[in-house]
file target_37.pdb (PDB, C-alpha atoms and all ligand atoms)
ATOM      1  CA  MET A   1     -16.959  12.726  19.183
ATOM      2  CA  SER A   2     -14.378  10.106  18.320
ATOM      3  CA  ILE A   3     -12.689   9.361  15.047
ATOM      4  CA  LYS A   4     -11.353   5.956  14.156
ATOM      5  CA  GLN A   5      -8.092   6.029  12.259
ATOM      6  CA  ILE A   6      -7.706   3.039   9.973
ATOM      7  CA  SER A   7      -4.305   2.714   8.280
ATOM      8  CA  ARG A   8      -2.898   0.315   5.726
ATOM      9  CA  ASN A   9      -0.524  -2.020   7.445
ATOM     10  CA  LYS A  10       1.284  -5.004   5.964
ATOM     11  CA  GLY A  11      -1.533  -7.370   6.842
ATOM     12  CA  GLY A  12      -4.342  -4.952   6.005
ATOM     13  CA  TYR A  13      -6.058  -1.961   7.537
ATOM     14  CA  GLY A  14      -6.683  -2.112  11.203
ATOM     15  CA  VAL A  15      -5.157   0.485  13.529
ATOM     16  CA  LYS A  16      -7.773   2.277  15.557
ATOM     17  CA  GLN A  17      -7.354   5.183  17.937
ATOM     18  CA  SER A  18      -9.582   8.061  18.971
ATOM     19  CA  ARG A  19      -8.915  11.501  17.572
ATOM     20  CA  ARG A  20      -8.582  12.859  21.106
ATOM     21  CA  ASP A  21      -5.879  10.289  21.920
ATOM     22  CA  ILE A  22      -4.002  11.068  18.749
ATOM     23  CA  LEU A  23      -4.161  14.804  19.231
ATOM     24  CA  LYS A  24      -2.994  14.392  22.815
ATOM     25  CA  LEU A  25       0.013  12.336  21.807
ATOM     26  CA  GLY A  26       0.779  14.067  18.534
ATOM     27  CA  ALA A  27       1.611  10.560  17.328
ATOM     28  CA  ILE A  28       0.346   6.994  17.227
ATOM     29  CA  THR A  29       2.262   3.844  18.039
ATOM     30  CA  ILE A  30       1.920   0.784  15.819
ATOM     31  CA  ALA A  31       3.834  -2.401  16.667
ATOM     32  CA  GLY A  32       6.290  -0.392  18.752
ATOM     33  CA  VAL A  33       6.911   2.188  16.034
ATOM     34  CA  THR A  34       5.860   5.766  16.723
ATOM     35  CA  ILE A  35       4.205   7.411  13.779
ATOM     36  CA  PRO A  36       3.642  11.161  13.870
ATOM     37  CA  LEU A  37       0.237  12.695  13.418
ATOM     38  CA  THR A  38       0.985  13.626   9.833
ATOM     39  CA  ALA A  39       2.404  10.702   7.874
ATOM     40  CA  PHE A  40       3.839  12.778   5.076
ATOM     41  CA  GLU A  41       6.222  15.679   4.807
ATOM     42  CA  LEU A  42       5.865  18.778   2.674
ATOM     43  CA  LEU A  43       9.290  19.289   1.132
ATOM     44  CA  THR A  44      10.666  22.793   1.404
ATOM     45  CA  PRO A  45      12.793  24.239  -1.430
ATOM     46  CA  GLU A  46      15.867  23.701   0.802
ATOM     47  CA  ALA A  47      15.020  20.023   1.345
ATOM     48  CA  LEU A  48      14.534  19.588  -2.401
ATOM     49  CA  ALA A  49      17.852  21.282  -3.156
ATOM     50  CA  SER A  50      19.716  18.995  -0.753
ATOM     51  CA  THR A  51      18.075  15.946  -2.343
ATOM     52  CA  LYS A  52      19.481  17.024  -5.699
ATOM     53  CA  LYS A  53      22.935  17.671  -4.272
ATOM     54  CA  GLU A  54      23.085  14.139  -2.850
ATOM     55  CA  HIS A  55      22.292  12.584  -6.183
ATOM     56  CA  GLY A  56      24.830  14.662  -8.073
ATOM     57  CA  THR A  57      24.422  15.104 -11.779
ATOM     58  CA  GLY A  58      23.856  11.455 -12.747
ATOM     59  CA  LYS A  59      20.482  10.047 -13.714
ATOM     60  CA  ARG A  60      18.092   9.385 -10.809
ATOM     61  CA  TRP A  61      14.720   7.882 -11.579
ATOM     62  CA  GLY A  62      11.859   9.380  -9.630
ATOM     63  CA  PHE A  63       8.084   9.364  -9.728
ATOM     64  CA  VAL A  64       5.413  12.007  -9.274
ATOM     65  CA  VAL A  65       1.855  11.116  -8.253
ATOM     66  CA  ASN A  66      -0.682  13.883  -8.629
ATOM     67  CA  ALA A  67      -3.325  12.704  -6.170
ATOM     68  CA  THR A  68      -5.764  15.383  -7.325
ATOM     69  CA  LYS A  69      -5.948  13.751 -10.760
ATOM     70  CA  CYS A  70      -6.607  10.147  -9.711
ATOM     71  CA  VAL A  71     -10.193   8.971 -10.235
ATOM     72  CA  GLY A  72      -9.647   5.476  -8.852
ATOM     73  CA  CYS A  73     -10.353   3.685 -12.143
ATOM     74  CA  GLY A  74      -7.631   1.099 -11.415
ATOM     75  CA  MET A  75      -6.367   0.936 -15.006
ATOM     76  CA  CYS A  76      -2.824   1.437 -13.678
ATOM     77  CA  VAL A  77      -3.102  -1.609 -11.405
ATOM     78  CA  LYS A  78      -4.429  -3.785 -14.213
ATOM     79  CA  ALA A  79      -1.697  -2.617 -16.593
ATOM     80  CA  CYS A  80       1.004  -3.224 -13.979
ATOM     81  CA  LYS A  81      -0.197  -6.757 -13.253
ATOM     82  CA  THR A  82      -0.306  -7.613 -16.938
ATOM     83  CA  GLU A  83       3.067  -6.048 -17.746
ATOM     84  CA  ASN A  84       4.866  -7.639 -14.815
ATOM     85  CA  GLU A  85       3.142 -11.023 -14.745
ATOM     86  CA  VAL A  86       1.589 -10.744 -11.315
ATOM     87  CA  PRO A  87      -1.489 -13.031 -11.444
ATOM     88  CA  MET A  88      -4.598 -10.900 -11.895
ATOM     89  CA  ASP A  89      -6.845 -12.817  -9.511
ATOM     90  CA  ILE A  90      -4.465 -13.016  -6.565
ATOM     91  CA  LYS A  91      -4.625 -10.275  -3.935
ATOM     92  CA  VAL A  92      -1.125  -8.877  -4.340
ATOM     93  CA  SER A  93       0.093  -6.117  -6.606
ATOM     94  CA  ARG A  94       3.184  -4.013  -7.297
ATOM     95  CA  THR A  95       1.026  -0.890  -7.237
ATOM     96  CA  TRP A  96      -2.362  -0.229  -5.704
ATOM     97  CA  VAL A  97      -4.810   2.612  -5.179
ATOM     98  CA  GLU A  98      -6.288   3.537  -1.813
ATOM     99  CA  ARG A  99      -9.656   5.188  -1.295
ATOM    100  CA  TYR A 100      -9.971   7.635   1.590
ATOM    101  CA  ILE A 101     -13.395   8.581   2.874
ATOM    102  CA  GLN A 102     -13.824  11.040   5.695
ATOM    103  CA  LEU A 103     -17.260  11.136   7.280
ATOM    104  CA  LYS A 104     -18.844  14.279   8.660
ATOM    105  CA  ASP A 105     -18.323  12.968  12.213
ATOM    106  CA  GLY A 106     -14.577  12.882  11.455
ATOM    107  CA  GLU A 107     -14.132   9.121  10.991
ATOM    108  CA  VAL A 108     -11.645   8.170   8.278
ATOM    109  CA  ILE A 109     -12.138   4.947   6.314
ATOM    110  CA  ILE A 110      -9.409   3.614   4.008
ATOM    111  CA  ASP A 111      -9.779   0.700   1.637
ATOM    112  CA  SER A 112      -8.279  -0.801  -1.487
ATOM    113  CA  PRO A 113     -10.469  -3.711  -2.611
ATOM    114  CA  GLU A 114      -8.384  -6.137  -4.692
ATOM    115  CA  GLU A 115      -5.744  -3.397  -4.835
ATOM    116  CA  ALA A 116      -8.314  -1.463  -6.936
ATOM    117  CA  ARG A 117      -7.610  -3.500 -10.060
ATOM    118  CA  ASN A 118     -11.309  -3.223 -10.889
ATOM    119  CA  GLY A 119     -11.626   0.319  -9.623
ATOM    120  CA  PHE A 120     -14.072   1.252  -6.881
ATOM    121  CA  ILE A 121     -17.392   0.115  -8.255
ATOM    122  CA  LYS A 122     -19.377   0.047  -5.027
ATOM    123  CA  ASN A 123     -19.828   2.647  -2.326
ATOM    124  CA  ASP A 124     -19.114   0.054   0.365
ATOM    125  CA  PRO A 125     -15.710   0.758   1.928
ATOM    126  CA  ARG A 126     -14.684  -2.168   4.097
ATOM    127  CA  GLY A 127     -18.115  -3.725   3.622
ATOM    128  CA  ARG A 128     -19.968  -0.778   5.120
ATOM    129  CA  THR A 129     -22.861   1.046   3.571
ATOM    130  CA  ILE A 130     -22.114   4.751   3.669
ATOM    131  CA  LYS A 131     -24.790   7.324   2.983
ATOM    132  CA  GLU A 132     -23.674  10.043   0.602
ATOM    133  CA  GLU A 133     -24.960  12.755   2.925
ATOM    134  CA  ASP A 134     -22.627  11.465   5.692
ATOM    135  CA  ILE A 135     -19.470  11.957   3.629
ATOM    136  CA  SER A 136     -17.409  15.079   4.120
ATOM    137  CA  LYS A 137     -14.715  14.199   1.561
ATOM    138  CA  GLY A 138     -13.357  11.311  -0.483
ATOM    139  CA  PHE A 139     -10.385  10.837  -2.790
ATOM    140  CA  PHE A 140      -7.923   8.281  -4.184
ATOM    141  CA  VAL A 141      -4.195   7.852  -3.581
ATOM    142  CA  PRO A 142      -2.070   5.629  -5.861
ATOM    143  CA  LYS A 143       0.814   3.885  -4.080
ATOM    144  CA  LEU A 144       3.897   1.941  -5.151
ATOM    145  CA  CYS A 145       7.472   1.228  -4.095
ATOM    146  CA  ASN A 146       9.170   4.532  -3.264
ATOM    147  CA  GLN A 147      12.553   3.452  -4.710
ATOM    148  CA  CYS A 148      14.044   4.850  -1.520
ATOM    149  CA  GLU A 149      17.416   6.542  -1.446
ATOM    150  CA  LYS A 150      18.100   4.620   1.776
ATOM    151  CA  PRO A 151      16.064   1.436   1.252
ATOM    152  CA  SER A 152      15.534  -0.580   4.428
ATOM    153  CA  CYS A 153      14.628  -3.598   2.289
ATOM    154  CA  VAL A 154      18.184  -3.667   0.898
ATOM    155  CA  GLN A 155      19.740  -3.289   4.351
ATOM    156  CA  VAL A 156      17.974  -6.351   5.795
ATOM    157  CA  CYS A 157      18.417  -8.816   2.918
ATOM    158  CA  PRO A 158      20.713 -11.563   4.283
ATOM    159  CA  VAL A 159      21.905 -12.757   0.862
ATOM    160  CA  GLY A 160      22.248  -9.485  -1.063
ATOM    161  CA  ALA A 161      19.470 -10.430  -3.477
ATOM    162  CA  THR A 162      17.988  -6.952  -3.438
ATOM    163  CA  TYR A 163      20.076  -3.994  -4.493
ATOM    164  CA  LYS A 164      19.949  -0.433  -5.791
ATOM    165  CA  THR A 165      21.039   0.384  -9.332
ATOM    166  CA  GLU A 166      23.325   3.365 -10.072
ATOM    167  CA  ASP A 167      20.328   5.285 -11.355
ATOM    168  CA  GLY A 168      18.443   4.713  -8.116
ATOM    169  CA  VAL A 169      15.996   1.852  -8.717
ATOM    170  CA  VAL A 170      15.765  -0.959  -6.166
ATOM    171  CA  LEU A 171      15.610  -4.388  -7.814
ATOM    172  CA  VAL A 172      15.407  -8.033  -6.716
ATOM    173  CA  ASP A 173      17.573 -10.752  -8.232
ATOM    174  CA  ARG A 174      15.210 -13.723  -8.340
ATOM    175  CA  THR A 175      18.056 -16.176  -8.710
ATOM    176  CA  TRP A 176      19.543 -15.079  -5.353
ATOM    177  CA  CYS A 177      16.372 -14.428  -3.343
ATOM    178  CA  ILE A 178      15.599 -17.191  -0.829
ATOM    179  CA  GLY A 179      12.074 -15.938  -0.067
ATOM    180  CA  CYS A 180      12.757 -15.270   3.638
ATOM    181  CA  ALA A 181      10.516 -12.158   3.488
ATOM    182  CA  TYR A 182      12.716 -10.023   5.779
ATOM    183  CA  CYS A 183      12.427  -7.262   3.185
ATOM    184  CA  VAL A 184       8.631  -7.624   3.112
ATOM    185  CA  GLN A 185       8.531  -7.072   6.864
ATOM    186  CA  ASN A 186      10.965  -4.163   6.793
ATOM    187  CA  CYS A 187       9.449  -2.004   4.070
ATOM    188  CA  PRO A 188       7.578   0.784   5.881
ATOM    189  CA  TYR A 189       5.373   1.290   2.839
ATOM    190  CA  GLY A 190       4.034  -2.267   2.518
ATOM    191  CA  ALA A 191       5.373  -2.260  -1.034
ATOM    192  CA  ARG A 192       6.779  -5.803  -1.088
ATOM    193  CA  PHE A 193       5.182  -9.241  -1.157
ATOM    194  CA  ILE A 194       6.142 -12.791  -2.019
ATOM    195  CA  HIS A 195       5.365 -13.590  -5.642
ATOM    196  CA  PRO A 196       2.668 -16.297  -5.592
ATOM    197  CA  VAL A 197       4.244 -18.251  -8.461
ATOM    198  CA  HIS A 198       7.990 -17.670  -8.103
ATOM    199  CA  MET A 199       7.963 -17.588  -4.266
ATOM    200  CA  VAL A 200      10.573 -14.811  -4.121
ATOM    201  CA  ALA A 201      10.352 -11.147  -3.088
ATOM    202  CA  GLU A 202       8.435  -8.982  -5.537
ATOM    203  CA  LYS A 203       7.814  -5.243  -5.832
ATOM    204  CA  CYS A 204       7.496  -2.345  -8.248
ATOM    205  CA  THR A 205      10.642  -1.739 -10.299
ATOM    206  CA  PHE A 206       9.402   1.503 -11.919
ATOM    207  CA  CYS A 207       9.179  -0.872 -14.957
ATOM    208  CA  TYR A 208      12.982  -0.763 -15.149
ATOM    209  CA  HIS A 209      12.933  -2.987 -18.245
ATOM    210  CA  ARG A 210      10.876  -0.308 -20.020
ATOM    211  CA  ILE A 211      12.289   2.980 -18.709
ATOM    212  CA  THR A 212      15.872   1.985 -19.550
ATOM    213  CA  LYS A 213      14.689   1.561 -23.164
ATOM    214  CA  GLY A 214      13.129   5.024 -23.336
ATOM    215  CA  MET A 215       9.558   3.960 -22.552
ATOM    216  CA  ASN A 216       7.268   4.987 -19.695
ATOM    217  CA  SER A 217       6.203   2.664 -16.893
ATOM    218  CA  ALA A 218       3.104   0.622 -17.767
ATOM    219  CA  CYS A 219       1.054   2.375 -15.054
ATOM    220  CA  MET A 220       1.922   5.818 -16.400
ATOM    221  CA  ASP A 221       0.895   4.840 -19.919
ATOM    222  CA  ALA A 222      -2.348   3.310 -18.620
ATOM    223  CA  CYS A 223      -3.413   6.386 -16.655
ATOM    224  CA  ALA A 224      -5.651   8.477 -18.888
ATOM    225  CA  PHE A 225      -5.711  11.252 -16.301
ATOM    226  CA  GLY A 226      -1.995  11.982 -16.027
ATOM    227  CA  ALA A 227      -1.842  11.122 -12.328
ATOM    228  CA  ARG A 228       1.433   9.189 -12.697
ATOM    229  CA  LYS A 229       4.704  10.514 -14.120
ATOM    230  CA  ILE A 230       8.140   8.927 -14.208
ATOM    231  CA  GLY A 231      11.457  10.413 -15.237
ATOM    232  CA  ASP A 232      14.936  11.627 -14.301
ATOM    233  CA  ILE A 233      14.603  13.937 -11.309
ATOM    234  CA  ASN A 234      18.109  15.284 -11.941
ATOM    235  CA  ASP A 235      17.313  16.416 -15.510
ATOM    236  CA  PRO A 236      15.985  20.008 -15.520
ATOM    237  CA  ASN A 237      14.249  19.291 -18.833
ATOM    238  CA  SER A 238      12.274  16.303 -17.558
ATOM    239  CA  GLU A 239       8.594  16.592 -16.699
ATOM    240  CA  VAL A 240       9.151  15.153 -13.225
ATOM    241  CA  TYR A 241      11.883  17.708 -12.473
ATOM    242  CA  LYS A 242       9.551  20.533 -13.519
ATOM    243  CA  LEU A 243       6.622  19.127 -11.534
ATOM    244  CA  ILE A 244       8.705  18.658  -8.389
ATOM    245  CA  ASN A 245      10.221  22.101  -8.599
ATOM    246  CA  SER A 246       7.049  24.018  -9.433
ATOM    247  CA  ASN A 247       4.591  22.390  -7.005
ATOM    248  CA  ARG A 248       4.293  21.834  -3.282
ATOM    249  CA  VAL A 249       5.379  18.192  -3.171
ATOM    250  CA  MET A 250       5.232  15.699  -0.328
ATOM    251  CA  VAL A 251       6.720  12.321   0.504
ATOM    252  CA  LEU A 252       5.131   9.584   2.617
ATOM    253  CA  LYS A 253       6.368   8.535   6.077
ATOM    254  CA  PRO A 254       9.567  10.610   6.185
ATOM    255  CA  GLU A 255      10.093   9.605   9.821
ATOM    256  CA  TYR A 256      11.502   6.235   8.733
ATOM    257  CA  GLY A 257      14.462   7.972   7.094
ATOM    258  CA  ASN A 258      14.207   6.008   3.826
ATOM    259  CA  GLU A 259      14.173   9.163   1.683
ATOM    260  CA  PRO A 260      11.409   8.157  -0.715
ATOM    261  CA  MET A 261      11.707   9.124  -4.375
ATOM    262  CA  VAL A 262       7.977   9.073  -5.070
ATOM    263  CA  PHE A 263       6.745  12.638  -4.736
ATOM    264  CA  TYR A 264       3.089  13.502  -4.227
ATOM    265  CA  ILE A 265       1.153  16.562  -5.314
ATOM    266  CA  GLY A 266      -2.099  17.405  -3.528
ATOM    267  CA  LEU A 267      -2.018  14.973  -0.607
ATOM    268  CA  ASP A 268      -4.681  15.563   2.000
ATOM    269  CA  HIS A 269      -3.524  15.612   5.620
ATOM    270  CA  ILE A 270      -5.473  12.427   6.450
ATOM    271  CA  VAL A 271      -3.326  10.284   4.106
ATOM    272  CA  ARG A 272      -1.192   7.645   5.814
TER     273      ARG A 272
HETATM  274  S1  LIG B   1       9.463   1.445  -0.596
HETATM  275 FE1  LIG B   1       9.988  -0.418   0.532
HETATM  276  S2  LIG B   1      10.507  -1.918  -1.069
HETATM  277 FE2  LIG B   1      10.586   0.106  -2.021
HETATM  278  S3  LIG B   1      12.767   0.713  -1.842
HETATM  279 FE3  LIG B   1      11.652   1.607  -0.086
HETATM  280  S4  LIG B   1      11.945   0.084   1.559
HETATM  281 FE4  LIG B   1      12.430  -0.953  -0.385
HETATM  282  S1  LIG B   2      -5.070   4.929 -13.911
HETATM  283 FE1  LIG B   2      -4.703   6.997 -13.109
HETATM  284  S2  LIG B   2      -6.737   7.753 -12.517
HETATM  285 FE2  LIG B   2      -6.918   5.520 -12.785
HETATM  286  S3  LIG B   2      -6.556   4.725 -10.708
HETATM  287 FE3  LIG B   2      -4.564   4.718 -11.714
HETATM  288  S4  LIG B   2      -3.627   6.665 -11.153
HETATM  289 FE4  LIG B   2      -5.812   6.831 -10.672
END
call {"tool": "encode", "arguments": {"input": "target_37.pdb", "output": "C-alpha cells", "more": "lines below"}}
Ligand code: SF4
Ligand code: SF4
result
Amino acid sequence: MSIKQISRNKGGYGVKQSRRDILKLGAITIAGVTIPLTAFELLTPEALASTKKEHGTGKRWGFVVNATKCVGCGMCVKACKTENEVPMDIKVSRTWVERYIQLKDGEVIIDSPEEARNGFIKNDPRGRTIKEEDISKGFFVPKLCNQCEKPSCVQVCPVGATYKTEDGVVLVDRTWCIGCAYCVQNCPYGARFIHPVHMVAEKCTFCYHRITKGMNSACMDACAFGARKIGDINDPNSEVYKLINSNRVMVLKPEYGNEPMVFYIGLDHIVR
C-alpha cells in the first residue's frame, strides 16, 4: 500500500513519493536537496544547553508553539495580518497554520487554505472529500519565521537589507530591499514573500515593534488556546525558558543548519 507524501514547498504542496521509496532511502530529495525522513529534531538536554551557551547571557527572543493546543481557528493569522498590514484577501501571510490529515491507508494530506486566516471550515483538504471513517489522525501546526541563529536569508541578501538584531530577531529594512527575492528562495521554511503593496521582502518579525515595548506578539495575544508563546529564551524566569526546559521540544528541518529559534511541543512525526 503506498502513501503519498505532500509537503509545503515555496510554491505550494506537491512532493509525492511512495512510503516504500522513502523508507528505502531514509530520505527524500526535493529540488536537489536531500531531506531526511523526519523533518524535525527532538532536542536533547545537551543540545539545549549548548544553544544557551552560544547565546550567552544577553536577551534572545524565542518562540514556543504547542502543537497539541492548536485548534486551527486561524485567529492568529487574522491578527497578524491586521497588525502588520498584510492585505487580508491576498494569499500571503507572515504566519500560517497547516492542517495534517493522515488516512487509515497511510496517506498524508497537508493543506493551509488561505493560510488558515478563516480557519478550516470545510473537511475538504486540497479539494478532496474525505470520509471521517477513513481518517486515522488529524491536527494543526502553526508556522512562522524561525528567527534562525544562522539565517540563510541574511547570508544571501546582496544589499544587506536583511539583518539580525542583537537580541536575535531577523528584520528587513524596506528602504534598502530591492525586491530581488533571493531571500525568499533561500529560506528553507518558506517564511518569506514579496509584500504585495510595498514590493519588498516581508516576513514575521516576532512583532518586534511590540515585544521591544513589553507587549506580546499579536498572534500570541490572539490565540485563546495558549498555543503560541514568545519571550526571552535566556531568562530562566520567562515562560518560554520554562517551557523549553521542562518539555520535549523539537525544531523543524535541522538539516539545513539554520538553528531555528521556534521550538515545538507535541509535533507528530509526519510533520514537515
Ligand atoms: S526562517 Fe527563513 S526568513 Fe526566517 S530567519 Fe530563518 S531563513 Fe530567514
Ligand atoms: S489562534 Fe491558536 S488555536 Fe487558533 S489557529 Fe492560531 S495557534 Fe491555533
call {"tool": "atom_distance", "arguments": {"input": "target_37.pdb", "atom1": "CA of Val271 in chain A", "atom2": "CA of Val141 in chain A"}}
result
8.1 Å
call {"tool": "residues_near_ligand", "arguments": {"input": "target_37.pdb", "ligand": "ligand LIG 2 (chain B)", "cutoff": "12 Å", "atoms": "only C-alpha atoms and all ligand atoms", "output": "PyMOL selection string"}}
result
chain A and resi 64-80+95-99+112+115-120+139-144+217-229+264
call {"tool": "residues_near_ligand", "arguments": {"input": "target_37.pdb", "ligand": "ligand LIG 1 (chain B)", "cutoff": "10 Å", "atoms": "all atoms listed in the file", "output": "PDB file with C-alpha atoms, keeping the file's coordinate frame"}}
result
ATOM      1  CA  ARG A  94       3.184  -4.013  -7.297  1.00  0.00           C
ATOM      2  CA  LYS A 143       0.814   3.885  -4.080  1.00  0.00           C
ATOM      3  CA  LEU A 144       3.897   1.941  -5.151  1.00  0.00           C
ATOM      4  CA  CYS A 145       7.472   1.228  -4.095  1.00  0.00           C
ATOM      5  CA  ASN A 146       9.170   4.532  -3.264  1.00  0.00           C
ATOM      6  CA  GLN A 147      12.553   3.452  -4.710  1.00  0.00           C
ATOM      7  CA  CYS A 148      14.044   4.850  -1.520  1.00  0.00           C
ATOM      8  CA  GLU A 149      17.416   6.542  -1.446  1.00  0.00           C
ATOM      9  CA  LYS A 150      18.100   4.620   1.776  1.00  0.00           C
ATOM     10  CA  PRO A 151      16.064   1.436   1.252  1.00  0.00           C
ATOM     11  CA  SER A 152      15.534  -0.580   4.428  1.00  0.00           C
ATOM     12  CA  CYS A 153      14.628  -3.598   2.289  1.00  0.00           C
ATOM     13  CA  VAL A 154      18.184  -3.667   0.898  1.00  0.00           C
ATOM     14  CA  GLN A 155      19.740  -3.289   4.351  1.00  0.00           C
ATOM     15  CA  VAL A 156      17.974  -6.351   5.795  1.00  0.00           C
ATOM     16  CA  THR A 162      17.988  -6.952  -3.438  1.00  0.00           C
ATOM     17  CA  TYR A 163      20.076  -3.994  -4.493  1.00  0.00           C
ATOM     18  CA  LYS A 164      19.949  -0.433  -5.791  1.00  0.00           C
ATOM     19  CA  GLY A 168      18.443   4.713  -8.116  1.00  0.00           C
ATOM     20  CA  VAL A 169      15.996   1.852  -8.717  1.00  0.00           C
ATOM     21  CA  VAL A 170      15.765  -0.959  -6.166  1.00  0.00           C
ATOM     22  CA  LEU A 171      15.610  -4.388  -7.814  1.00  0.00           C
ATOM     23  CA  VAL A 172      15.407  -8.033  -6.716  1.00  0.00           C
ATOM     24  CA  CYS A 183      12.427  -7.262   3.185  1.00  0.00           C
ATOM     25  CA  VAL A 184       8.631  -7.624   3.112  1.00  0.00           C
ATOM     26  CA  GLN A 185       8.531  -7.072   6.864  1.00  0.00           C
ATOM     27  CA  ASN A 186      10.965  -4.163   6.793  1.00  0.00           C
ATOM     28  CA  CYS A 187       9.449  -2.004   4.070  1.00  0.00           C
ATOM     29  CA  PRO A 188       7.578   0.784   5.881  1.00  0.00           C
ATOM     30  CA  TYR A 189       5.373   1.290   2.839  1.00  0.00           C
ATOM     31  CA  GLY A 190       4.034  -2.267   2.518  1.00  0.00           C
ATOM     32  CA  ALA A 191       5.373  -2.260  -1.034  1.00  0.00           C
ATOM     33  CA  ARG A 192       6.779  -5.803  -1.088  1.00  0.00           C
ATOM     34  CA  PHE A 193       5.182  -9.241  -1.157  1.00  0.00           C
ATOM     35  CA  ALA A 201      10.352 -11.147  -3.088  1.00  0.00           C
ATOM     36  CA  GLU A 202       8.435  -8.982  -5.537  1.00  0.00           C
ATOM     37  CA  LYS A 203       7.814  -5.243  -5.832  1.00  0.00           C
ATOM     38  CA  CYS A 204       7.496  -2.345  -8.248  1.00  0.00           C
ATOM     39  CA  THR A 205      10.642  -1.739 -10.299  1.00  0.00           C
ATOM     40  CA  LEU A 252       5.131   9.584   2.617  1.00  0.00           C
ATOM     41  CA  TYR A 256      11.502   6.235   8.733  1.00  0.00           C
ATOM     42  CA  GLY A 257      14.462   7.972   7.094  1.00  0.00           C
ATOM     43  CA  ASN A 258      14.207   6.008   3.826  1.00  0.00           C
ATOM     44  CA  GLU A 259      14.173   9.163   1.683  1.00  0.00           C
ATOM     45  CA  PRO A 260      11.409   8.157  -0.715  1.00  0.00           C
ATOM     46  CA  MET A 261      11.707   9.124  -4.375  1.00  0.00           C
ATOM     47  CA  VAL A 262       7.977   9.073  -5.070  1.00  0.00           C
TER      48      VAL A 262
END
call {"tool": "residues_around", "arguments": {"input": "target_37.pdb", "residues": "Pro125 in chain A", "least_positions_apart": "4", "cutoff": "9 Å", "atoms": "all atoms listed in the file", "output": "ChimeraX atom specification"}}
result
/A:99-101,109-113,120,129-130
call {"tool": "axis_aligned_box", "arguments": {"input": "target_37.pdb", "around": "range 220-224 of chain A", "padding_each_side": "6 Å", "output": "AutoDock Vina command-line options"}}
result
--center_x -1.9 --center_y 5.9 --center_z -18.2 --size_x 19.6 --size_y 17.2 --size_z 15.5
call {"tool": "residues_around", "arguments": {"input": "target_37.pdb", "residues": "range 173-179 of chain A", "least_positions_apart": "4", "cutoff": "8 Å", "atoms": "only C-alpha atoms", "output": "MDAnalysis selection string"}}
result
chainID A and resid 159:162 194 199:201
call {"tool": "atom_distance", "arguments": {"input": "target_37.pdb", "atom1": "CA of Glu166 in chain A", "atom2": "CA of Val240 in chain A"}}
result
18.7 Å
call {"tool": "atom_distance", "arguments": {"input": "target_37.pdb", "atom1": "CA of Asp89 in chain A", "atom2": "CA of Arg272 in chain A"}}
result
26.2 Å
call {"tool": "closest_residue", "arguments": {"input": "target_37.pdb", "among": "A:Arg210, A:Lys59, A:Glu114, A:Ile233", "to": "Thr165 in chain A", "atoms": "only C-alpha atoms"}}
result
A:Lys59
call {"tool": "closest_residue", "arguments": {"input": "target_37.pdb", "among": "A:Pro196, A:Gly106, A:Gly231, A:Gly214", "to": "Trp61 in chain A", "atoms": "only C-alpha atoms"}}
result
A:Gly231
call {"tool": "resolve_selection", "arguments": {"input": "target_37.pdb", "expression": "the PyMOL selection byres (((chain A and resi 269) around 10) and not hetatm)", "output": "list of chain:residue names"}}
result
A:Leu37, A:Thr38, A:Ala39, A:Phe40, A:Glu41, A:Gly266, A:Leu267, A:Asp268, A:Ile270, A:Val271, A:Arg272
call {"tool": "write_last_selection", "arguments": {"input": "target_37.pdb", "atoms": "C-alpha atoms", "output": "PDB file, keeping the file's coordinate frame"}}
result
ATOM      1  CA  LEU A  37       0.237  12.695  13.418  1.00  0.00           C
ATOM      2  CA  THR A  38       0.985  13.626   9.833  1.00  0.00           C
ATOM      3  CA  ALA A  39       2.404  10.702   7.874  1.00  0.00           C
ATOM      4  CA  PHE A  40       3.839  12.778   5.076  1.00  0.00           C
ATOM      5  CA  GLU A  41       6.222  15.679   4.807  1.00  0.00           C
ATOM      6  CA  GLY A 266      -2.099  17.405  -3.528  1.00  0.00           C
ATOM      7  CA  LEU A 267      -2.018  14.973  -0.607  1.00  0.00           C
ATOM      8  CA  ASP A 268      -4.681  15.563   2.000  1.00  0.00           C
ATOM      9  CA  ILE A 270      -5.473  12.427   6.450  1.00  0.00           C
ATOM     10  CA  VAL A 271      -3.326  10.284   4.106  1.00  0.00           C
ATOM     11  CA  ARG A 272      -1.192   7.645   5.814  1.00  0.00           C
TER      12      ARG A 272
END
call {"tool": "resolve_selection", "arguments": {"input": "target_37.pdb", "expression": "the PyMOL selection byres (((chain A and resi 248) around 10) and not hetatm)", "output": "ChimeraX atom specification"}}
result
/A:42-45,243-247,249-250,263-267
